[in-house]
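Okay, model.txt is below, compact mmCIF, C-alpha atoms and all ligand atoms:
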# COMPACT_ATOMS: atom_id res chain seq x y z
CA MET A 1 -69.89 19.83 -36.45
CA LYS A 2 -73.21 20.78 -34.93
CA ARG A 3 -73.31 21.19 -31.19
CA ARG A 4 -75.82 18.39 -30.77
CA ASP A 5 -73.54 15.95 -32.57
CA PHE A 6 -70.70 17.00 -30.37
CA ILE A 7 -72.71 16.43 -27.20
CA LYS A 8 -73.80 13.04 -28.46
CA LYS A 9 -70.29 11.93 -29.22
CA ALA A 10 -68.96 13.34 -25.95
CA SER A 11 -71.75 11.57 -24.03
CA VAL A 12 -70.75 8.23 -25.44
CA VAL A 13 -67.38 8.69 -23.83
CA ALA A 14 -68.98 9.98 -20.64
CA ALA A 15 -71.57 7.28 -20.10
CA GLY A 16 -71.45 5.82 -16.61
CA THR A 17 -68.17 7.30 -15.59
CA ILE A 18 -66.62 10.26 -13.83
CA LEU A 19 -64.75 12.65 -16.06
CA PRO A 20 -62.77 15.02 -13.90
CA MET A 21 -62.05 17.49 -16.65
CA SER A 22 -63.73 20.07 -18.78
CA ILE A 23 -64.40 19.84 -22.48
CA ILE A 24 -64.72 23.17 -24.13
CA GLU A 25 -66.12 23.73 -27.55
CA VAL A 26 -65.59 27.03 -29.25
CA ALA A 27 -68.36 27.43 -31.79
CA PHE A 28 -68.67 30.39 -34.08
CA ALA A 29 -72.09 31.68 -34.95
CA ASP A 30 -73.08 32.13 -38.57
CA ASN A 31 -72.65 35.62 -39.93
CA ILE A 32 -75.69 37.37 -41.38
CA ASP A 33 -74.56 36.38 -44.87
CA GLY A 34 -74.35 32.72 -43.83
CA SER A 35 -70.56 32.56 -43.75
CA LYS A 36 -68.65 31.52 -40.63
CA SER A 37 -66.57 34.05 -38.73
CA GLY A 38 -64.18 31.36 -37.55
CA LYS A 39 -63.64 27.63 -37.34
CA ASN A 40 -65.23 25.65 -34.51
CA PHE A 41 -62.85 23.82 -32.26
CA THR A 42 -62.67 21.84 -29.06
CA PHE A 43 -60.22 21.83 -26.20
CA ALA A 44 -60.16 20.35 -22.72
CA VAL A 45 -59.27 21.68 -19.29
CA ILE A 46 -57.94 19.59 -16.42
CA SER A 47 -57.25 21.37 -13.16
CA ASP A 48 -56.13 21.18 -9.54
CA ALA A 49 -54.52 17.74 -9.36
CA HIS A 50 -52.68 18.49 -6.06
CA LEU A 51 -50.31 15.52 -6.44
CA GLN A 52 -48.74 14.97 -3.05
CA GLN A 53 -45.51 13.20 -2.20
CA ILE A 54 -45.68 10.99 0.87
CA LYS A 55 -42.07 9.79 0.80
CA GLY A 56 -39.62 9.02 -2.01
CA ALA A 57 -41.56 7.60 -4.95
CA LYS A 58 -44.75 7.25 -2.88
CA PHE A 59 -47.53 9.70 -3.69
CA VAL A 60 -51.14 10.04 -2.46
CA ARG A 61 -52.83 7.49 -4.66
CA ASN A 62 -56.27 9.09 -4.93
CA TRP A 63 -54.93 12.34 -6.33
CA ASP A 64 -52.78 10.43 -8.83
CA MET A 65 -55.82 8.44 -9.91
CA GLY A 66 -57.99 11.55 -10.39
CA LEU A 67 -55.47 13.03 -12.81
CA LYS A 68 -54.77 9.75 -14.60
CA LYS A 69 -58.48 9.16 -15.13
CA ALA A 70 -58.95 12.65 -16.57
CA ILE A 71 -56.06 12.04 -18.97
CA ALA A 72 -57.42 8.67 -20.03
CA GLU A 73 -60.83 10.22 -20.78
CA CYS A 74 -59.21 13.14 -22.56
CA ASN A 75 -57.37 10.75 -24.85
CA LEU A 76 -60.73 9.16 -25.73
CA MET A 77 -62.44 12.45 -26.58
CA ASN A 78 -64.24 12.59 -29.89
CA PRO A 79 -63.68 15.06 -31.46
CA LYS A 80 -60.11 15.17 -30.25
CA PRO A 81 -59.17 18.29 -28.33
CA ASP A 82 -56.92 20.72 -30.20
CA PHE A 83 -55.05 21.21 -26.94
CA VAL A 84 -55.41 20.54 -23.23
CA LEU A 85 -54.92 23.28 -20.68
CA PHE A 86 -53.78 22.28 -17.23
CA GLY A 87 -55.30 24.82 -14.84
CA GLY A 88 -52.71 24.92 -12.03
CA ASP A 89 -51.93 23.23 -8.69
CA LEU A 90 -50.21 20.26 -10.24
CA GLY A 91 -48.38 19.61 -6.97
CA GLN A 92 -49.60 20.04 -3.39
CA LEU A 93 -46.50 21.52 -1.74
CA GLY A 94 -44.54 22.72 -4.78
CA LYS A 95 -41.82 20.09 -4.42
CA ALA A 96 -39.65 19.29 -7.44
CA ALA A 97 -40.64 15.64 -6.97
CA GLU A 98 -44.35 16.55 -7.20
CA ILE A 99 -43.90 18.74 -10.28
CA ASP A 100 -41.79 16.03 -11.97
CA HIS A 101 -44.32 13.35 -11.03
CA GLY A 102 -47.09 15.51 -12.51
CA ALA A 103 -45.12 16.16 -15.70
CA GLU A 104 -44.61 12.43 -16.10
CA ILE A 105 -48.34 11.70 -15.69
CA LEU A 106 -49.29 14.56 -18.04
CA SER A 107 -46.91 13.19 -20.68
CA ALA A 108 -49.55 10.51 -21.38
CA LEU A 109 -51.81 13.17 -22.94
CA ARG A 110 -52.11 12.71 -26.68
CA ALA A 111 -52.68 16.40 -27.38
CA PRO A 112 -50.53 19.52 -27.05
CA VAL A 113 -50.50 20.64 -23.41
CA LYS A 114 -50.66 24.25 -22.20
CA MET A 115 -49.72 24.86 -18.59
CA MET A 116 -50.95 27.34 -16.00
CA LEU A 117 -49.35 27.96 -12.62
CA GLY A 118 -51.19 27.56 -9.28
CA GLU A 119 -50.13 28.74 -5.83
CA HIS A 120 -49.33 25.17 -4.80
CA ASP A 121 -46.75 25.00 -7.60
CA TYR A 122 -45.17 28.30 -6.62
CA TYR A 123 -44.71 29.15 -2.95
CA LEU A 124 -41.93 26.68 -2.09
CA ASP A 125 -39.28 27.85 -4.59
CA LEU A 126 -41.20 30.78 -6.14
CA GLY A 127 -41.94 28.73 -9.21
CA GLU A 128 -38.33 28.02 -10.15
CA HIS A 129 -38.72 24.31 -10.79
CA TRP A 130 -42.12 24.71 -12.48
CA MET A 131 -40.78 27.41 -14.84
CA ASN A 132 -37.70 25.34 -15.70
CA ARG A 133 -40.01 22.54 -16.75
CA PHE A 134 -42.93 24.37 -18.33
CA GLY A 135 -41.71 27.85 -19.28
CA ASP A 136 -43.30 31.25 -18.74
CA PRO A 137 -46.23 31.42 -16.33
CA TYR A 138 -48.06 33.97 -18.50
CA TYR A 139 -48.43 34.05 -22.27
CA SER A 140 -50.96 34.29 -25.07
CA PHE A 141 -51.67 32.59 -28.38
CA ASP A 142 -54.22 32.67 -31.16
CA HIS A 143 -56.19 29.61 -32.05
CA LYS A 144 -58.65 29.44 -34.96
CA GLY A 145 -59.90 32.98 -34.54
CA VAL A 146 -59.88 33.13 -30.73
CA HIS A 147 -57.28 35.03 -28.71
CA ILE A 148 -56.29 32.99 -25.67
CA VAL A 149 -54.47 34.45 -22.66
CA VAL A 150 -52.98 32.53 -19.74
CA LEU A 151 -52.25 34.62 -16.64
CA ASN A 152 -50.34 34.02 -13.44
CA SER A 153 -52.91 35.28 -10.95
CA ILE A 154 -51.46 33.87 -7.72
CA LEU A 155 -48.82 36.49 -6.97
CA VAL A 156 -48.91 38.43 -3.70
CA ASP A 157 -47.18 41.42 -2.17
CA GLU A 158 -43.33 41.15 -2.29
CA LYS A 159 -43.07 41.85 1.44
CA TRP A 160 -45.22 38.84 2.25
CA THR A 161 -43.35 36.64 -0.23
CA HIS A 162 -39.92 37.44 1.21
CA LYS A 163 -40.68 37.62 4.92
CA TRP A 164 -40.32 33.87 5.46
CA LYS A 165 -37.12 32.25 6.75
CA ASN A 166 -38.30 28.79 5.79
CA PRO A 167 -39.79 28.37 2.29
CA MET A 168 -41.81 25.34 3.42
CA ASP A 169 -43.52 27.49 6.10
CA ARG A 170 -44.51 29.91 3.33
CA MET A 171 -45.79 27.05 1.18
CA GLN A 172 -47.73 25.41 4.03
CA THR A 173 -49.35 28.72 4.96
CA MET A 174 -50.44 29.36 1.39
CA ALA A 175 -51.64 25.77 1.03
CA GLY A 176 -54.20 26.19 3.83
CA LEU A 177 -57.67 27.12 2.66
CA ASP A 178 -58.39 29.54 5.48
CA ASP A 179 -55.00 30.27 7.07
CA PRO A 180 -55.18 33.84 8.41
CA ASN A 181 -51.41 34.25 7.83
CA GLY A 182 -51.83 33.83 4.07
CA SER A 183 -52.14 36.71 1.62
CA ALA A 184 -54.65 37.69 -1.08
CA PHE A 185 -53.66 36.93 -4.68
CA MET A 186 -53.10 39.40 -7.48
CA VAL A 187 -51.94 39.50 -11.09
CA GLY A 188 -49.79 42.57 -10.43
CA GLU A 189 -48.70 45.69 -12.28
CA LYS A 190 -46.09 44.05 -14.55
CA GLN A 191 -48.52 41.52 -15.99
CA ARG A 192 -51.37 44.03 -16.26
CA GLN A 193 -49.07 46.17 -18.40
CA TRP A 194 -48.17 43.11 -20.47
CA LEU A 195 -51.86 42.25 -20.89
CA LYS A 196 -52.64 45.77 -22.13
CA GLU A 197 -49.87 45.51 -24.73
CA ASP A 198 -50.86 41.97 -25.67
CA LEU A 199 -54.45 43.07 -26.36
CA SER A 200 -53.49 46.31 -28.12
CA THR A 201 -53.42 44.64 -31.54
CA ILE A 202 -56.57 42.55 -31.03
CA SER A 203 -59.86 43.65 -32.59
CA ASN A 204 -62.66 44.14 -30.07
CA GLU A 205 -64.76 41.70 -32.14
CA THR A 206 -62.30 38.85 -31.56
CA PRO A 207 -63.50 36.33 -28.95
CA ILE A 208 -61.13 36.21 -25.98
CA ILE A 209 -60.63 33.43 -23.46
CA VAL A 210 -58.61 34.31 -20.38
CA PHE A 211 -57.39 31.51 -18.16
CA SER A 212 -56.46 32.34 -14.59
CA HIS A 213 -55.88 30.02 -11.66
CA SER A 214 -57.72 32.20 -9.13
CA PRO A 215 -61.00 33.85 -10.15
CA LEU A 216 -60.57 37.29 -11.71
CA GLN A 217 -63.47 38.39 -9.54
CA LYS A 218 -63.77 38.85 -5.79
CA ILE A 219 -65.65 35.97 -4.22
CA TYR A 220 -64.45 35.20 -0.72
CA LYS A 221 -61.23 36.65 0.67
CA GLY A 222 -61.17 34.38 3.72
CA TRP A 223 -60.46 31.42 1.47
CA ASN A 224 -58.55 33.31 -1.20
CA PHE A 225 -61.35 32.83 -3.74
CA TRP A 226 -60.14 36.25 -4.69
CA THR A 227 -57.84 38.33 -6.92
CA ASP A 228 -56.98 41.73 -5.46
CA ASP A 229 -56.64 43.57 -8.78
CA ALA A 230 -59.68 41.89 -10.37
CA GLU A 231 -61.39 45.19 -11.22
CA GLN A 232 -58.28 46.51 -12.98
CA ILE A 233 -58.08 43.40 -15.15
CA GLN A 234 -61.81 43.56 -15.89
CA ALA A 235 -61.24 47.19 -17.02
CA ILE A 236 -58.50 46.06 -19.43
CA LEU A 237 -60.91 43.47 -20.89
CA LYS A 238 -63.83 45.89 -21.09
CA PRO A 239 -63.41 47.08 -24.72
CA PHE A 240 -63.79 43.52 -26.03
CA LYS A 241 -67.26 42.23 -26.84
CA LYS A 242 -66.80 38.52 -26.21
CA VAL A 243 -64.71 37.74 -23.16
CA ASN A 244 -64.71 34.49 -21.19
CA VAL A 245 -62.70 33.97 -18.03
CA ILE A 246 -62.17 30.34 -17.07
CA TYR A 247 -60.51 29.57 -13.73
CA GLY A 248 -59.60 26.69 -11.42
CA HIS A 249 -58.60 26.91 -7.75
CA VAL A 250 -62.12 26.86 -6.26
CA HIS A 251 -62.87 23.12 -6.80
CA GLN A 252 -66.57 23.81 -7.31
CA ILE A 253 -69.07 25.11 -9.85
CA GLN A 254 -69.29 28.89 -10.07
CA TYR A 255 -70.55 31.13 -12.82
CA ASN A 256 -71.16 34.80 -13.16
CA LYS A 257 -71.26 37.69 -15.58
CA ILE A 258 -69.82 41.12 -14.99
CA GLY A 259 -70.42 43.49 -17.89
CA ASN A 260 -68.97 41.93 -21.02
CA ILE A 261 -67.18 39.13 -19.16
CA ALA A 262 -68.63 35.65 -18.55
CA PHE A 263 -66.91 33.79 -15.72
CA ASN A 264 -66.83 30.02 -15.31
CA SER A 265 -64.88 27.80 -12.96
CA VAL A 266 -63.65 24.28 -13.71
CA MET A 267 -63.62 21.46 -11.21
CA SER A 268 -60.73 19.68 -9.54
CA THR A 269 -59.46 16.14 -10.15
CA ALA A 270 -58.61 15.83 -6.45
CA TRP A 271 -61.29 16.95 -3.97
CA PRO A 272 -64.21 19.38 -3.72
CA TRP A 273 -64.49 22.53 -1.64
CA PRO A 274 -67.91 23.34 -0.23
CA TYR A 275 -69.43 26.74 -0.94
CA PRO A 276 -68.11 29.31 1.54
CA LYS A 277 -71.38 29.83 3.36
CA THR A 278 -71.61 26.16 4.32
CA TYR A 279 -68.82 26.95 6.80
CA THR A 280 -70.14 28.72 9.86
CA GLN A 281 -67.23 31.17 9.96
CA GLY A 282 -67.95 32.65 6.59
CA THR A 283 -70.56 34.90 5.09
CA SER A 284 -71.13 34.04 1.46
CA TYR A 285 -69.85 36.39 -1.19
CA MET A 286 -70.58 34.02 -4.03
CA PRO A 287 -71.08 35.54 -7.48
CA LYS A 288 -74.69 36.65 -7.66
CA LEU A 289 -75.68 34.18 -10.37
CA THR A 290 -74.20 31.11 -8.75
CA ILE A 291 -76.65 28.62 -7.27
CA GLU A 292 -75.31 26.45 -4.49
CA MET A 293 -75.18 22.74 -5.27
CA ASN A 294 -76.84 20.19 -2.98
CA ARG A 295 -73.33 19.36 -1.76
CA ALA A 296 -70.15 19.58 -1.65
CA ASP A 297 -68.79 17.33 1.00
CA PRO A 298 -64.98 17.48 1.34
CA PHE A 299 -65.01 14.16 3.21
CA PHE A 300 -66.44 12.39 0.18
CA GLU A 301 -63.50 12.54 -2.14
CA ARG A 302 -65.41 12.38 -5.41
CA ASP A 303 -68.29 14.65 -4.40
CA ALA A 304 -68.26 17.82 -6.51
CA THR A 305 -65.58 16.55 -8.80
CA GLY A 306 -66.82 15.73 -12.23
CA TRP A 307 -66.69 17.12 -15.68
CA GLU A 308 -68.30 19.89 -17.59
CA MET A 309 -68.73 20.62 -21.23
CA ILE A 310 -68.63 24.23 -22.18
CA ASP A 311 -69.80 25.80 -25.41
CA VAL A 312 -68.31 29.15 -26.11
CA HIS A 313 -70.85 30.14 -28.67
CA SER A 314 -70.12 33.51 -30.12
CA GLY A 315 -69.03 34.68 -26.66
CA ARG A 316 -72.01 33.08 -24.92
CA VAL A 317 -71.05 30.24 -22.65
CA ASP A 318 -73.10 27.11 -21.87
CA LEU A 319 -71.89 24.53 -19.38
CA HIS A 320 -73.13 20.97 -19.12
CA PHE A 321 -72.05 19.40 -15.84
CA GLN A 322 -71.99 15.63 -15.45
CA LEU A 323 -71.99 14.89 -11.74
CA PRO A 324 -71.52 11.40 -10.40
CA ASN A 325 -74.05 10.40 -7.72
CA ASN A 326 -75.94 13.59 -8.24
CA GLU A 327 -78.24 15.31 -10.69
CA ASN A 328 -76.56 16.73 -13.75
CA ARG A 329 -76.73 20.48 -14.17
CA THR A 330 -76.81 22.87 -17.07
CA VAL A 331 -75.76 26.47 -16.78
CA ALA A 332 -76.73 28.12 -20.05
CA TYR A 333 -76.61 31.63 -21.39
CA ASN A 334 -80.09 33.16 -21.42
CA GLU A 335 -80.41 35.39 -24.48
CA LYS A 336 -83.32 37.31 -22.91
CA THR A 337 -81.64 38.24 -19.65
CA GLN A 338 -78.15 38.25 -21.21
CA GLU A 339 -76.89 36.27 -18.24
CA PRO A 340 -75.90 32.68 -17.54
CA GLU A 341 -78.59 30.78 -15.66
CA ASP A 342 -78.83 27.43 -14.00
CA ILE A 343 -81.69 26.11 -16.14
CA LYS A 344 -83.35 24.01 -13.47
CA TYR A 345 -82.48 25.69 -10.20
CA GLN A 346 -82.04 29.39 -10.94
CA HIS A 347 -85.44 30.25 -9.53
CA GLN A 348 -85.83 27.59 -6.86
CA LYS A 349 -83.86 26.31 -3.91
CA ILE A 350 -81.80 23.19 -4.37
CA PRO A 351 -82.84 20.22 -2.22
CA SER A 352 -80.65 19.54 0.80
CA GLN A 353 -77.44 17.58 0.48
CA ARG A 354 -77.53 13.82 0.14
CA HIS A 355 -74.72 11.66 1.45
CA TYR A 356 -73.69 8.42 -0.16
FE FE B 401 -55.13 26.88 -6.08

What is this structure when it is put down as structure tokens?
Amino acid sequence: MKRRDFIKKASVVAAGTILPMSIIEVAFADNIDGSKSGKNFTFAVISDAHLQQIKGAKFVRNWDMGLKKAIAECNLMNPKPDFVLFGGDLGQLGKAAEIDHGAEILSALRAPVKMMLGEHDYYLDLGEHWMNRFGDPYYSFDHKGVHIVVLNSILVDEKWTHKWKNPMDRMQTMAGLDDPNGSAFMVGEKQRQWLKEDLSTISNETPIIVFSHSPLQKIYKGWNFWTDDAEQIQAILKPFKKVNVIYGHVHQIQYNKIGNIAFNSVMSTAWPWPYPKTYTQGTSYMPKLTIEMNRADPFFERDATGWEMIDVHSGRVDLHFQLPNNENRTVAYNEKTQEPEDIKYQHQKIPSQRHY
């Protein structure tokens, strides 16, 4: 299917609605001899649902609805996604009831589901319940010519993890956006070793997509938009020509390119985070290519949630963001500069935020 056809069909589903998920198309370029190097395919990403138990069977309704809506739209996708990746933070406080509630809602998806772990799923029982339900928190698989890796990027120093008497104190501390008693995330030595071995049999021409919950780049430590061993992971990925890192956690649009690696975030089904520099306490360390949106407002629950369509075209990534109550955005790969660019706003300031 041509990309334009895909966009058209996807837009029919999207018209007049909010799609809190990401549709990702992996398109292979034609080889010089006209043959295809792989088969095009589509998958979806839904992330950061943060389902929160109030009491017993009562959960925060808005977060439930965000996830349910994404699933409903996913089930209507045309073409159908080959699989759906859930990008982490299924629960808010890692409770078994939240994970189970999330699993039940996700069971409505009519596509195979791949799971990724977020810190909100982990720091109550160190992922025990999540792993019992969903299996290993890091793994890889091949799909139609693309090597896909899912990492657990929310680990921290063992000393920090085990210093807490009360697991809920640990969870609550990690759940805060800017709690100074939290700790920076990392992938860690064991998984880095695994990643090296996992990639040892992969040709450096093979497109690679790495999913991580936190960004595998250092954005803003104060809010844990950060992975401590990011550079070491980037070094492991360096020999490969077409690498895309797709991450959740930040609840906002970010994009960047470091060497051979294109980075893109996906949005949340629950709430937005503003860009760090909109908070007076923080200096911005946003990736250099990212252009601030004319929002986000955390007090408007659907601001900065939305959906994006991503083409992974021969390792070059285009994102088409559909934003309710705001102008749509396109972040496309510029062949001349060899960098992703926000087509409309890259070279001009975005107008100030509008409230609705
Ligand atoms: Fe997170």

Considering only C-alpha atoms, give me a table of residues in region 177-241 of chain A that are at most 8 Å from region 71-87 of chain A, with the closest atom pair and distance in Å for each, as CSV.
residue,atom,partner,partner_atom,distance
A:Phe211,CA,A:Gly87,CA,7.8
A:Ser212,CA,A:Gly87,CA,7.6
A:His213,CA,A:Gly87,CA,6.1

6 Å from ligand FE 401 (chain B) is the threshold here; counting all atoms listed in the file, which polymer residues fall inside it? Answer as a VMD selection string.
chain A and resid 89 118 to 119 249

Could you give me, as JSON, numbers by chain, the residues within 12 Å of region 169-172 of chain A, counting all atoms listed in the file and dropping anything in the same chain fewer than 4 positions from it?
{"A": [91, 92, 93, 94, 95, 118, 119, 120, 121, 122, 123, 124, 125, 126, 127, 156, 160, 161, 162, 163, 164, 165, 176, 177, 178, 179, 181, 182, 183]}

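Coordinates place CA of Asn244 (chain A) at a distance of 17.3 Å from CA of Thr330 (chain A).
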
Two-atom distance - CA of Glu341 (chain A), CA of Ser153 (chain A) (Å):
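Computing it gives 26.5 Å between the two atoms.
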
Which neighbours of region 132-141 of chain A fall inside 8 Å, counting all atoms listed in the file, when residues of the same chain fewer than 3 positions from it are skipped, and could you give them as an NGL selection string?
:A and (115-117 or 128-129 or 147-152 or 191 or 198)
